[in-house]
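I have placed the structure first, in the form of structure tokens, so that the comments after it can refer back to it.
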Amino acid sequence: MSYSEVLSHPNTRRVMMGNVAIARGALEYGIGFASGYPGTPSSEIIEALSYASKKLGAPYVEWSVNEKVAFESAYGASLTGVPSLVSMKHVGLNVAADPLFSSAYTGVRASFVIVSADDPGMWSSQNEQDNRVYGLHAYIPVIEPAGVQEARVATIEAFRVSEKFSHPVMLRTTTRISHTRADILVGEINVERLKWNGEFVKEPSRYALVPGNARVLREELLKKWDSIEDYFNSISLNSTEGDHDSRFAIVGVGLGYRYAREAVVSRGIADRVKLLKLSAVIPFPRRFILSNLDGVKRVLVVEEGDPVVENALKSILAEEKLYIDVLGKTNGYLKRSGELDLAGVEDAVLSLLSGQKPGSMGRTGNSRLRISIPPRPPVLCPGCPYRGVFFALRRAIRKLRVNPVYSGDIGCYSLGLNPPFRVQDLLIEMGGSIGVANGMAHLLEDQIVIAIIGDSTFFHSGVPGLINAVYNGAPFLLLILDNGTTAMTGHQPHPGTGITARGTRGKAVRIEDIVKAVGVDYVVVVNSFNVDEVEDGLVKALKYVGDRGKPAVVVARGSCILTAIPEARRRGVRYPIYEVVYDKCTACGVCYRAFNCPAITVRRDGKAEINPVLCTGCGVCAQICPFDAFKPVKKPSKEWINLLEGGVVGGE
Amino acid sequence: MSWAGVHGVLNIVIVGVGGQGIITAAKVLSEAAMRAGHRVLVAETHGLSQRGGSVIVHVRLGRSVEAPLVPRGRADLMIAMEVIEALRYADYLNQDGYIIVDRQVIPPPLPGIGYIGLDEMLSGLRSLGSRVYDVDASKTAIEYGEPRAVNMYLLGFTAGLNGYRGMISIDDLRSAVSEAMRNAEVNLRVLERGYRDALTLNSRSALGRSSIEMN
Ligand SMILES: Cc1ncc(C[n+]2csc(CCOP(=O)(O)OP(=O)(O)O)c2C)c(N)n1
Ligand code: SF4
């Protein structure tokens with residue numbers, strides 16, 4: 001994808017996504033280093049920085065193997081005196097939490113900004129955690145842009161705060177900031193300020209966190225925390241508007257400010273309330289808030305995520321013995337889960353004036369509609385390598401008559417959860433498939449555990465679990481799905497591809513080499529697009545696990561079709577489309593039920609039909625049809641087969 | 001008067017199936033809006049929903065837009081790349097809102113879902129009382145040799161109907177497509193075709209067809 005807008009001319013307006021505006025802000029400030037691990041809604045920050053890096057020759061940008069390493073790398077860069085950024089989705093910060101806490105104790109040398117992209121509403125996540133709480137917990141200041149409109153400026157400000165206090169700063173964005181496009185006015189990028197050489201000046205009493213040092217640093221940290229709070233009391237990111245003598249106030253936090261501002265205008269009460277805009281949020285700027293609540297009777301807090309500011313405000317008011325009603329998410333004025341929405345905030349601002357709670361907060365359904373609308377959950381793409389693998393897996397299980405437990409993981413293959421495959425009985429977090437299998441495998445009597453993990457996820461956090469399985473002799477089958485990319489989050493490269501974020505070719509780390517090196521005795525690699533081969537590999541491996549009571553690994557390799565097709569176009573390789581031979585089709589339904597390719601639909605007579613626009617020419621339908629009723633319009637070329645079998649080397 | 005009229009805001013939702021080019025449509029629309037001198041917000045969802053799931057993108061134009069999402073019941077316009085998805089999100093429309101929808105059903109690939117008829121879905125959509133323009137966008141796009149240009153046809157058609165209420169012109173769209181798209185030439189042709197089809201439809205209706213929305 002092109003991110004040319006990240007390098008748009010100074011003092012012009014360009015439409016860009018919040019994540020690109022964040023990248024732009026970092027470039028304008030002048031960073032020398034950026035790292036991250038993909039995760040929706042954060043990924044475009046590193047992608048846009050990579051684009052800039054390719055064009056400008058700086059800053060250094062990488063996709064790291066996971067968030068912990070990404071964090072540590074960027075922290076390390078900062079210790080060498082080079083301004084740095086690390087970016088991840090909210091749950092990524094759980095993986096990086098260990099260094100996060102320590103970084104507050106040591107502080108940093110050059111400015112260091114941690115971008116946490118939270119996902120309220122769980123558009124692409126397993127939970128809705130609010131990472132501002134990490135700020136409180138770990139003594140990391142938190143800045144939240146007031147919508148995409150402020151993403152660039154808030155990023156620059158975050159770097160400045162970090163520079164001023166030699167302390168890490170978190171920039172907390174959310175889906176509707178990161179993935180909203182707006183026309184953004186940009187400033188200047190000075191290319192010379194992106195080129196840095198580092199030097200580490202030793203100071204073990206600060207950087208070596210042994211207890212004796214940490215105790216001293218703890219005291220220093222608490223003092224620093226107070227001075228940052230003081231600074232946030234007068235920082236320009238926090239401001240007020242509206243009727244300063246009003247008895248009704250709204251605290252609009254980050255994006256919440258935008259909703260509040262539009263709501264008071266649309267409800268015609270903009271000149272009757274006082275609106276506090278809060279973007280430098282943690283440490284909570286107590287004096288700023290208190291001085292603006294003078295004479296206020298009721299205050300509404302509008303924030304995306306948990307009631308973090310709301311609760312802080314309540315405890316401060318209690319401490320000050322001030323009797324001001326605080327309305328928000330803790331008492332039913334705004335809903336507690338999901339994202340903010342304008343209608344909900346409008347109701348809440350009216351409540352602020354009337355004192356009456358809004359009525360039903362549920363979504364209104366479409367009562368006028370008389371026909372039922374079928375659901376449309378996301379599915380594996382037509383031509384996805386996983387479809388054939390899951391089909392083969394189900395066949396292998398039927399053949400062996402074993403009772404499987406599918407320990408799943410996070411990636412496109414999570415979609416195997418749904419019928420007809422149902423091969424994800426549980427999935428909790430990245431790398432969890434192997435960890436959970438370790439425990440279960442020692443205890444199950446009549447069931448056999450099959451852990452299923454993707455290539456990027458295996459590198460991210462799967463390897464330690466596999467070492468554990470070898471060490472402790474946990475008998476389970478590990479199926480590693482190697483599609484040559486981090487597909488779910490938008491096809492970023494990973495160590496298995498040997499391609500870096502900047503598009504340079506490095507050394508590819510081979511999955512099967514790791515598996516062998518950690519001591520797994522049974523490893524096979526199969527071609528995902530060959531159903532019989534996959535089935536055979538799985539049958540043998542499952543037998544091995546049963547007979548020997550040891551872990552076995554099957555690596556199913558085959559390109560993600562969404563990388564294979566663009567690569568084919570680039571190389572001028574044509575891919576065939578398949579069609580139904582109607583004399584042979586018996587309307588048995590295997591293809592559209594058990595194989596369930598979206599390119600295959602049912603005709604009125606029950607026979608299959610191929611949608612030529614959706615067909616990607618993977619050819620697996622021709623293998624699974626019992627009646628040989630699919631044939632390619634033209635014989636697939638060798639080059640195409642090669643691309644499918646793993647000839648695409650990751651990346652865009 | 002509609003809420004949009006009061007605040008000079010145009011609320012648009014673009015809906016369809018993940019992978020159909022919905023985000024591209026929104027991108028072109030936002031570029032065009034900026035050329036026309038408007039403030040613009042486009043809220044997209046990436047990640048999981050892009051794998052053939054149901055997708056809605058919110059586009060808001062006008063000086064006083066602050067918040068990224070179109071509230072339910074307040075969209076002035078829906079551009080739908082598929083009929084089931086148009087139905088799913090129909091409650092986003094306000095009372096004067098209209099729907100420009102491709103005459104196409106993409107059945108959700110759920111095992112056992114069975115046959116879903118286009119006519120039944122379309123009449124369901126019409127029964128909602130919204131003004132519905134069902135058009136042959138995908139058919140036309142295939143004719144032009146670029147099946148993914150459905151979005152262009154719909155954007156052009158909407159311009160021909162003055163669906164952007166004077167805030168975005170066909171010229172703004174033309175220059176946005178030329179600059180923002182890789183395959184600009186064929187996309188421009190499909191955009192143009194959609195625009196012309198709408199103009200023809202409008203002039204025919206002016207010549208005596210009782211109601212174009214019943215088309
Ligand atoms: C800790 C953490 N970081 C990032 C993510 C976002 N994420 C979801 S799936 C995924 C990786 C998927 O890659 P892979 O395992 O190769 O599977 P694929 O999508 O290619 O099938 C990532 C990074 C996450 N859910 N949790
Ligand atoms: S993006 Fe790739 S891995 Fe994901 S479902 Fe599609 S083909 Fe499969």
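All residue names refer to the structure tokens as shown: chains lettered A, B, ... in order, residues numbered from 1 in each chain, ligands numbered from 1 in order.
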
Worksheet item: So which bits of segment 442-615 of chain A end up strand (DSSP E) when you DSSP the backbone, as a PyMOL selection string?
Response: chain A and resi 448-454+477-482+522-527+552-557+578-580+600-602+608-610

Store the residues picked out above, limited to N, CA, C and O atoms, as a CSV table (one decimal), in the first residue's frame.
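Final output, selection17.csv:
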```
chain,number,residue,atom,x,y,z
A,448,ILE,N,-7.4,-36.0,22.3
A,448,ILE,CA,-6.0,-35.7,21.9
A,448,ILE,C,-6.0,-34.2,21.6
A,448,ILE,O,-6.9,-33.7,20.9
A,449,VAL,N,-5.0,-33.5,22.1
A,449,VAL,CA,-5.0,-32.0,21.8
A,449,VAL,C,-4.2,-31.7,20.5
A,449,VAL,O,-3.2,-32.2,20.2
A,450,ILE,N,-4.9,-30.9,19.7
A,450,ILE,CA,-4.3,-30.4,18.5
A,450,ILE,C,-4.2,-28.9,18.6
A,450,ILE,O,-5.2,-28.2,18.6
A,451,ALA,N,-3.0,-28.4,18.7
A,451,ALA,CA,-2.8,-26.9,18.8
A,451,ALA,C,-2.6,-26.4,17.4
A,451,ALA,O,-1.9,-27.0,16.6
A,452,ILE,N,-3.3,-25.3,17.1
A,452,ILE,CA,-3.2,-24.7,15.7
A,452,ILE,C,-2.7,-23.3,15.8
A,452,ILE,O,-3.4,-22.5,16.5
A,453,ILE,N,-1.6,-23.0,15.2
A,453,ILE,CA,-1.0,-21.6,15.3
A,453,ILE,C,-0.5,-21.2,13.9
A,453,ILE,O,-0.1,-22.0,13.1
A,454,GLY,N,-0.5,-19.9,13.7
A,454,GLY,CA,0.0,-19.3,12.5
A,454,GLY,C,1.5,-19.1,12.5
A,454,GLY,O,2.1,-19.1,13.6
A,477,LEU,N,-0.3,-32.6,19.2
A,477,LEU,CA,0.1,-32.3,17.8
A,477,LEU,C,0.0,-30.8,17.6
A,477,LEU,O,-0.9,-30.2,18.0
A,478,LEU,N,1.1,-30.3,17.1
A,478,LEU,CA,1.1,-28.8,16.8
A,478,LEU,C,1.1,-28.7,15.3
A,478,LEU,O,1.9,-29.2,14.6
A,479,LEU,N,0.0,-28.0,14.8
A,479,LEU,CA,-0.1,-27.7,13.4
A,479,LEU,C,0.2,-26.2,13.2
A,479,LEU,O,-0.4,-25.3,13.7
A,480,ILE,N,1.3,-26.0,12.5
A,480,ILE,CA,1.7,-24.6,12.2
A,480,ILE,C,1.3,-24.2,10.8
A,480,ILE,O,1.7,-24.9,9.8
A,481,LEU,N,0.5,-23.2,10.7
A,481,LEU,CA,0.0,-22.8,9.4
A,481,LEU,C,0.9,-21.7,8.8
A,481,LEU,O,0.9,-20.5,9.3
A,482,ASP,N,1.7,-22.0,7.9
A,482,ASP,CA,2.7,-21.1,7.4
A,482,ASP,C,2.2,-20.5,6.0
A,482,ASP,O,2.4,-21.2,5.0
A,522,TYR,N,9.6,-35.3,15.7
A,522,TYR,CA,8.7,-35.6,14.6
A,522,TYR,C,8.3,-34.3,13.9
A,522,TYR,O,7.4,-33.6,14.5
A,523,VAL,N,8.8,-34.0,12.7
A,523,VAL,CA,8.4,-32.8,12.0
A,523,VAL,C,8.2,-33.1,10.6
A,523,VAL,O,9.1,-33.7,9.9
A,524,VAL,N,7.0,-32.7,10.0
A,524,VAL,CA,6.9,-32.8,8.6
A,524,VAL,C,6.4,-31.5,8.0
A,524,VAL,O,5.7,-30.8,8.7
A,525,VAL,N,6.7,-31.2,6.8
A,525,VAL,CA,6.2,-30.0,6.1
A,525,VAL,C,5.4,-30.5,4.9
A,525,VAL,O,5.8,-31.4,4.2
A,526,VAL,N,4.1,-30.0,4.9
A,526,VAL,CA,3.2,-30.4,3.8
A,526,VAL,C,2.7,-29.2,3.0
A,526,VAL,O,2.8,-28.1,3.5
A,527,ASN,N,2.2,-29.5,1.8
A,527,ASN,CA,1.7,-28.4,1.0
A,527,ASN,C,0.2,-28.2,1.2
A,527,ASN,O,-0.6,-29.0,1.0
A,552,ALA,N,4.5,-33.7,18.4
A,552,ALA,CA,4.8,-33.8,16.9
A,552,ALA,C,4.4,-32.5,16.3
A,552,ALA,O,3.4,-31.9,16.7
A,553,VAL,N,5.0,-32.1,15.2
A,553,VAL,CA,4.7,-30.9,14.5
A,553,VAL,C,4.5,-31.1,13.0
A,553,VAL,O,5.3,-31.8,12.4
A,554,VAL,N,3.4,-30.6,12.5
A,554,VAL,CA,3.2,-30.5,11.1
A,554,VAL,C,3.1,-29.1,10.7
A,554,VAL,O,2.4,-28.3,11.2
A,555,VAL,N,4.0,-28.7,9.7
A,555,VAL,CA,4.0,-27.4,9.1
A,555,VAL,C,3.3,-27.4,7.8
A,555,VAL,O,3.7,-28.1,6.9
A,556,ALA,N,2.1,-26.7,7.7
A,556,ALA,CA,1.4,-26.7,6.4
A,556,ALA,C,1.7,-25.4,5.7
A,556,ALA,O,1.5,-24.3,6.3
A,557,ARG,N,2.4,-25.5,4.6
A,557,ARG,CA,2.9,-24.3,3.9
A,557,ARG,C,2.1,-24.0,2.6
A,557,ARG,O,1.9,-24.9,1.8
A,578,TYR,N,-11.8,-21.7,-12.2
A,578,TYR,CA,-12.4,-23.0,-12.3
A,578,TYR,C,-13.9,-22.9,-12.7
A,578,TYR,O,-14.5,-21.9,-12.5
A,579,GLU,N,-14.4,-24.0,-13.3
A,579,GLU,CA,-15.8,-24.0,-13.6
A,579,GLU,C,-16.4,-25.4,-13.3
A,579,GLU,O,-15.7,-26.4,-13.1
A,580,VAL,N,-17.7,-25.4,-13.3
A,580,VAL,CA,-18.5,-26.6,-12.9
A,580,VAL,C,-18.8,-27.4,-14.2
A,580,VAL,O,-19.2,-26.8,-15.2
A,600,ILE,N,-18.1,-20.6,-4.3
A,600,ILE,CA,-19.0,-21.6,-4.8
A,600,ILE,C,-20.3,-21.4,-4.1
A,600,ILE,O,-20.4,-21.4,-2.9
A,601,THR,N,-21.3,-21.1,-4.9
A,601,THR,CA,-22.7,-20.9,-4.4
A,601,THR,C,-23.6,-22.0,-4.9
A,601,THR,O,-23.3,-22.8,-5.8
A,602,VAL,N,-24.8,-22.1,-4.3
A,602,VAL,CA,-25.8,-23.1,-4.7
A,602,VAL,C,-26.7,-22.5,-5.8
A,602,VAL,O,-27.2,-21.4,-5.6
A,608,ALA,N,-23.7,-26.9,-7.8
A,608,ALA,CA,-22.8,-25.8,-7.5
A,608,ALA,C,-22.6,-24.8,-8.6
A,608,ALA,O,-22.9,-25.2,-9.8
A,609,GLU,N,-22.2,-23.6,-8.2
A,609,GLU,CA,-22.0,-22.6,-9.3
A,609,GLU,C,-20.8,-21.9,-8.8
A,609,GLU,O,-20.6,-21.6,-7.6
A,610,ILE,N,-19.9,-21.5,-9.7
A,610,ILE,CA,-18.7,-20.8,-9.3
A,610,ILE,C,-18.8,-19.3,-9.7
A,610,ILE,O,-19.2,-19.0,-10.9
```

Please produce, as JSON lines, a per-residue contact table for chain B versus chain A (criterion: any atom at most 6 Å away, only C-alpha atoms considered), showing the nearest atom pair and its distance in Å to one decimal, sorted by chain then residue number.
```
{"residue": "B:Val40", "atom": "CA", "partner": "A:Ala182", "partner_atom": "CA", "distance": 5.4}
{"residue": "B:Leu41", "atom": "CA", "partner": "A:Ala182", "partner_atom": "CA", "distance": 4.8}
{"residue": "B:Val42", "atom": "CA", "partner": "A:Arg181", "partner_atom": "CA", "distance": 4.9}
{"residue": "B:Ala43", "atom": "CA", "partner": "A:Thr180", "partner_atom": "CA", "distance": 4.2}
{"residue": "B:Glu44", "atom": "CA", "partner": "A:His179", "partner_atom": "CA", "distance": 5.6}
{"residue": "B:Gly47", "atom": "CA", "partner": "A:Thr489", "partner_atom": "CA", "distance": 5.6}
{"residue": "B:Leu48", "atom": "CA", "partner": "A:Ser124", "partner_atom": "CA", "distance": 5.4}
{"residue": "B:Ser49", "atom": "CA", "partner": "A:Pro378", "partner_atom": "CA", "distance": 5.8}
{"residue": "B:Arg51", "atom": "CA", "partner": "A:Pro378", "partner_atom": "CA", "distance": 5.0}
{"residue": "B:Gly52", "atom": "CA", "partner": "A:Pro378", "partner_atom": "CA", "distance": 5.0}
{"residue": "B:Gly53", "atom": "CA", "partner": "A:Pro378", "partner_atom": "CA", "distance": 3.8}
{"residue": "B:Ser54", "atom": "CA", "partner": "A:Arg376", "partner_atom": "CA", "distance": 5.7}
{"residue": "B:Glu66", "atom": "CA", "partner": "A:Arg258", "partner_atom": "CA", "distance": 5.1}
{"residue": "B:Ala67", "atom": "CA", "partner": "A:Tyr259", "partner_atom": "CA", "distance": 5.1}
{"residue": "B:Asp91", "atom": "CA", "partner": "A:Asn366", "partner_atom": "CA", "distance": 5.6}
{"residue": "B:Pro108", "atom": "CA", "partner": "A:Arg376", "partner_atom": "CA", "distance": 5.4}
{"residue": "B:Pro109", "atom": "CA", "partner": "A:Pro598", "partner_atom": "CA", "distance": 5.1}
{"residue": "B:Pro111", "atom": "CA", "partner": "A:Arg593", "partner_atom": "CA", "distance": 4.6}
```

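With only C-alpha atoms and all ligand atoms as the atoms that count, the residue of A:Asp118, A:Asp547, A:Asp455, A:Asp628 with the shortest distance to ligand 2 is A:Asp455.
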
Fill in: Residues within 9 Å of Ala154 of chain A, only C-alpha atoms, excluding chain neighbours under 5 positions, as a list in words
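The residues satisfying every condition are Ile22, Gly25, Ile143, Glu144, Pro145, Ala146, Phe159, Leu171, Leu237, Ser279 and Ala280 of chain A.
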
Worksheet item: Near Leu426 of chain A, counting only C-alpha atoms, which residues have an atom at most 7 Å away, once you skip same-chain residues fewer than 5 positions from it, shown as a list in words?
Response: Tyr406, Ser407 and Gly408 of chain A

Can I get the selected residues back with N, CA and C atoms, as an mmCIF file, in the first residue's frame?
```
data_model
loop_
_atom_site.group_PDB
_atom_site.id
_atom_site.type_symbol
_atom_site.label_atom_id
_atom_site.label_comp_id
_atom_site.auth_asym_id
_atom_site.auth_seq_id
_atom_site.Cartn_x
_atom_site.Cartn_y
_atom_site.Cartn_z
ATOM 1 N N TYR A 406 -9.332 -28.864 19.899
ATOM 2 C CA TYR A 406 -8.584 -27.923 19.085
ATOM 3 C C TYR A 406 -8.219 -26.700 19.906
ATOM 4 N N SER A 407 -6.947 -26.594 20.238
ATOM 5 C CA SER A 407 -6.480 -25.446 20.995
ATOM 6 C C SER A 407 -6.058 -24.384 19.983
ATOM 7 N N GLY A 408 -6.875 -23.339 19.876
ATOM 8 C CA GLY A 408 -6.720 -22.395 18.784
ATOM 9 C C GLY A 408 -5.884 -21.184 19.141
#
```

Practice prompt. Tell me which of B:Leu173, B:Val101, B:Ala75, B:Met167 sits closest to Val135 of chain B, counting only C-alpha atoms.
Written response: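 Result for the nearest residue to Val135 of chain B: B:Val101.
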
Item to complete: Tell me which protein, DNA and RNA residues are within 8 Å of Ala176 of chain B, counting only C-alpha atoms, leaving out same-chain ones fewer than 4 positions away, and put them as a ChimeraX atom specification.
Response: /B:28-29,31-32,35,172,180-181

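The interatomic distance for the pair atom CA of Glu192 of chain A and atom CA of Glu44 of chain A works out to 23.7 Å.
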
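Residue neighbourhood of Thr140 of chain B, excluding near-sequence residues (fewer than 5 positions): Val135, Gly145, Glu146, Pro147, Ala149, Val150, Tyr153, Val190, Arg193 and Gly194 of chain B, at 10 Å, using only C-alpha atoms.
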
Discussion item. I'd like the contact shell of segment 103-113 of chain A - 9 Å cut-off, only C-alpha atoms, skipping same-chain residues fewer than 5 positions apart - returned as a ChimeraX atom specification.
Written reply: /A:31,74-87,98,138-140,155,158-171,206-209,214,217-218,220-221

Worksheet, complete the sentence: note - atom CA of Asn331 of chain A and atom CA of Leu275 of chain A are separated by 20.3 Å

Practice prompt. Quick one: pick out all alpha helix (DSSP H) residues within segment 5-214 of chain B from a backbone DSSP run and write them as JSON, numbers by chain.
Written response: {"B": [5, 6, 7, 22, 23, 24, 25, 26, 27, 28, 29, 30, 31, 32, 33, 34, 35, 83, 84, 85, 86, 87, 88, 118, 119, 120, 121, 122, 123, 124, 125, 126, 137, 138, 139, 140, 141, 142, 143, 150, 151, 152, 153, 154, 155, 156, 157, 158, 159, 160, 170, 171, 172, 173, 174, 175, 176, 177, 178, 179, 180, 184, 185, 186, 187, 188, 189, 190, 191, 192, 193, 194, 195, 196, 197, 198, 199, 200, 201, 202, 203, 204, 205, 206]}

Worksheet item: atom CA of Leu352 of chain A and atom CA of Val281 of chain A, how far apart in Å?
Response: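 Computing the Euclidean distance for atom CA of Val281 of chain A and atom CA of Leu352 of chain A yields 22.2 Å.
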
Worksheet item: Nearest to Asn131 of chain A among A:Glu304, A:Asp409, A:Glu535, A:Glu157, with distances taken over only C-alpha atoms: which residue is it?
Response: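 Using only C-alpha atoms, Asn131 of chain A sits closest to A:Glu304.
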
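Nearest to ligand 1 of all the residues B:Tyr133, B:Tyr164, B:Ile23, B:His46 is B:His46, based on only C-alpha atoms and all ligand atoms.
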
Worksheet item: Nearest to ligand 1 among A:Thr586, A:Ser102, A:Ser64, A:Ser236, with distances taken over only C-alpha atoms and all ligand atoms: which residue is it?
Response: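 Checking each candidate against ligand 1, we get A:Ser64 as the closest.
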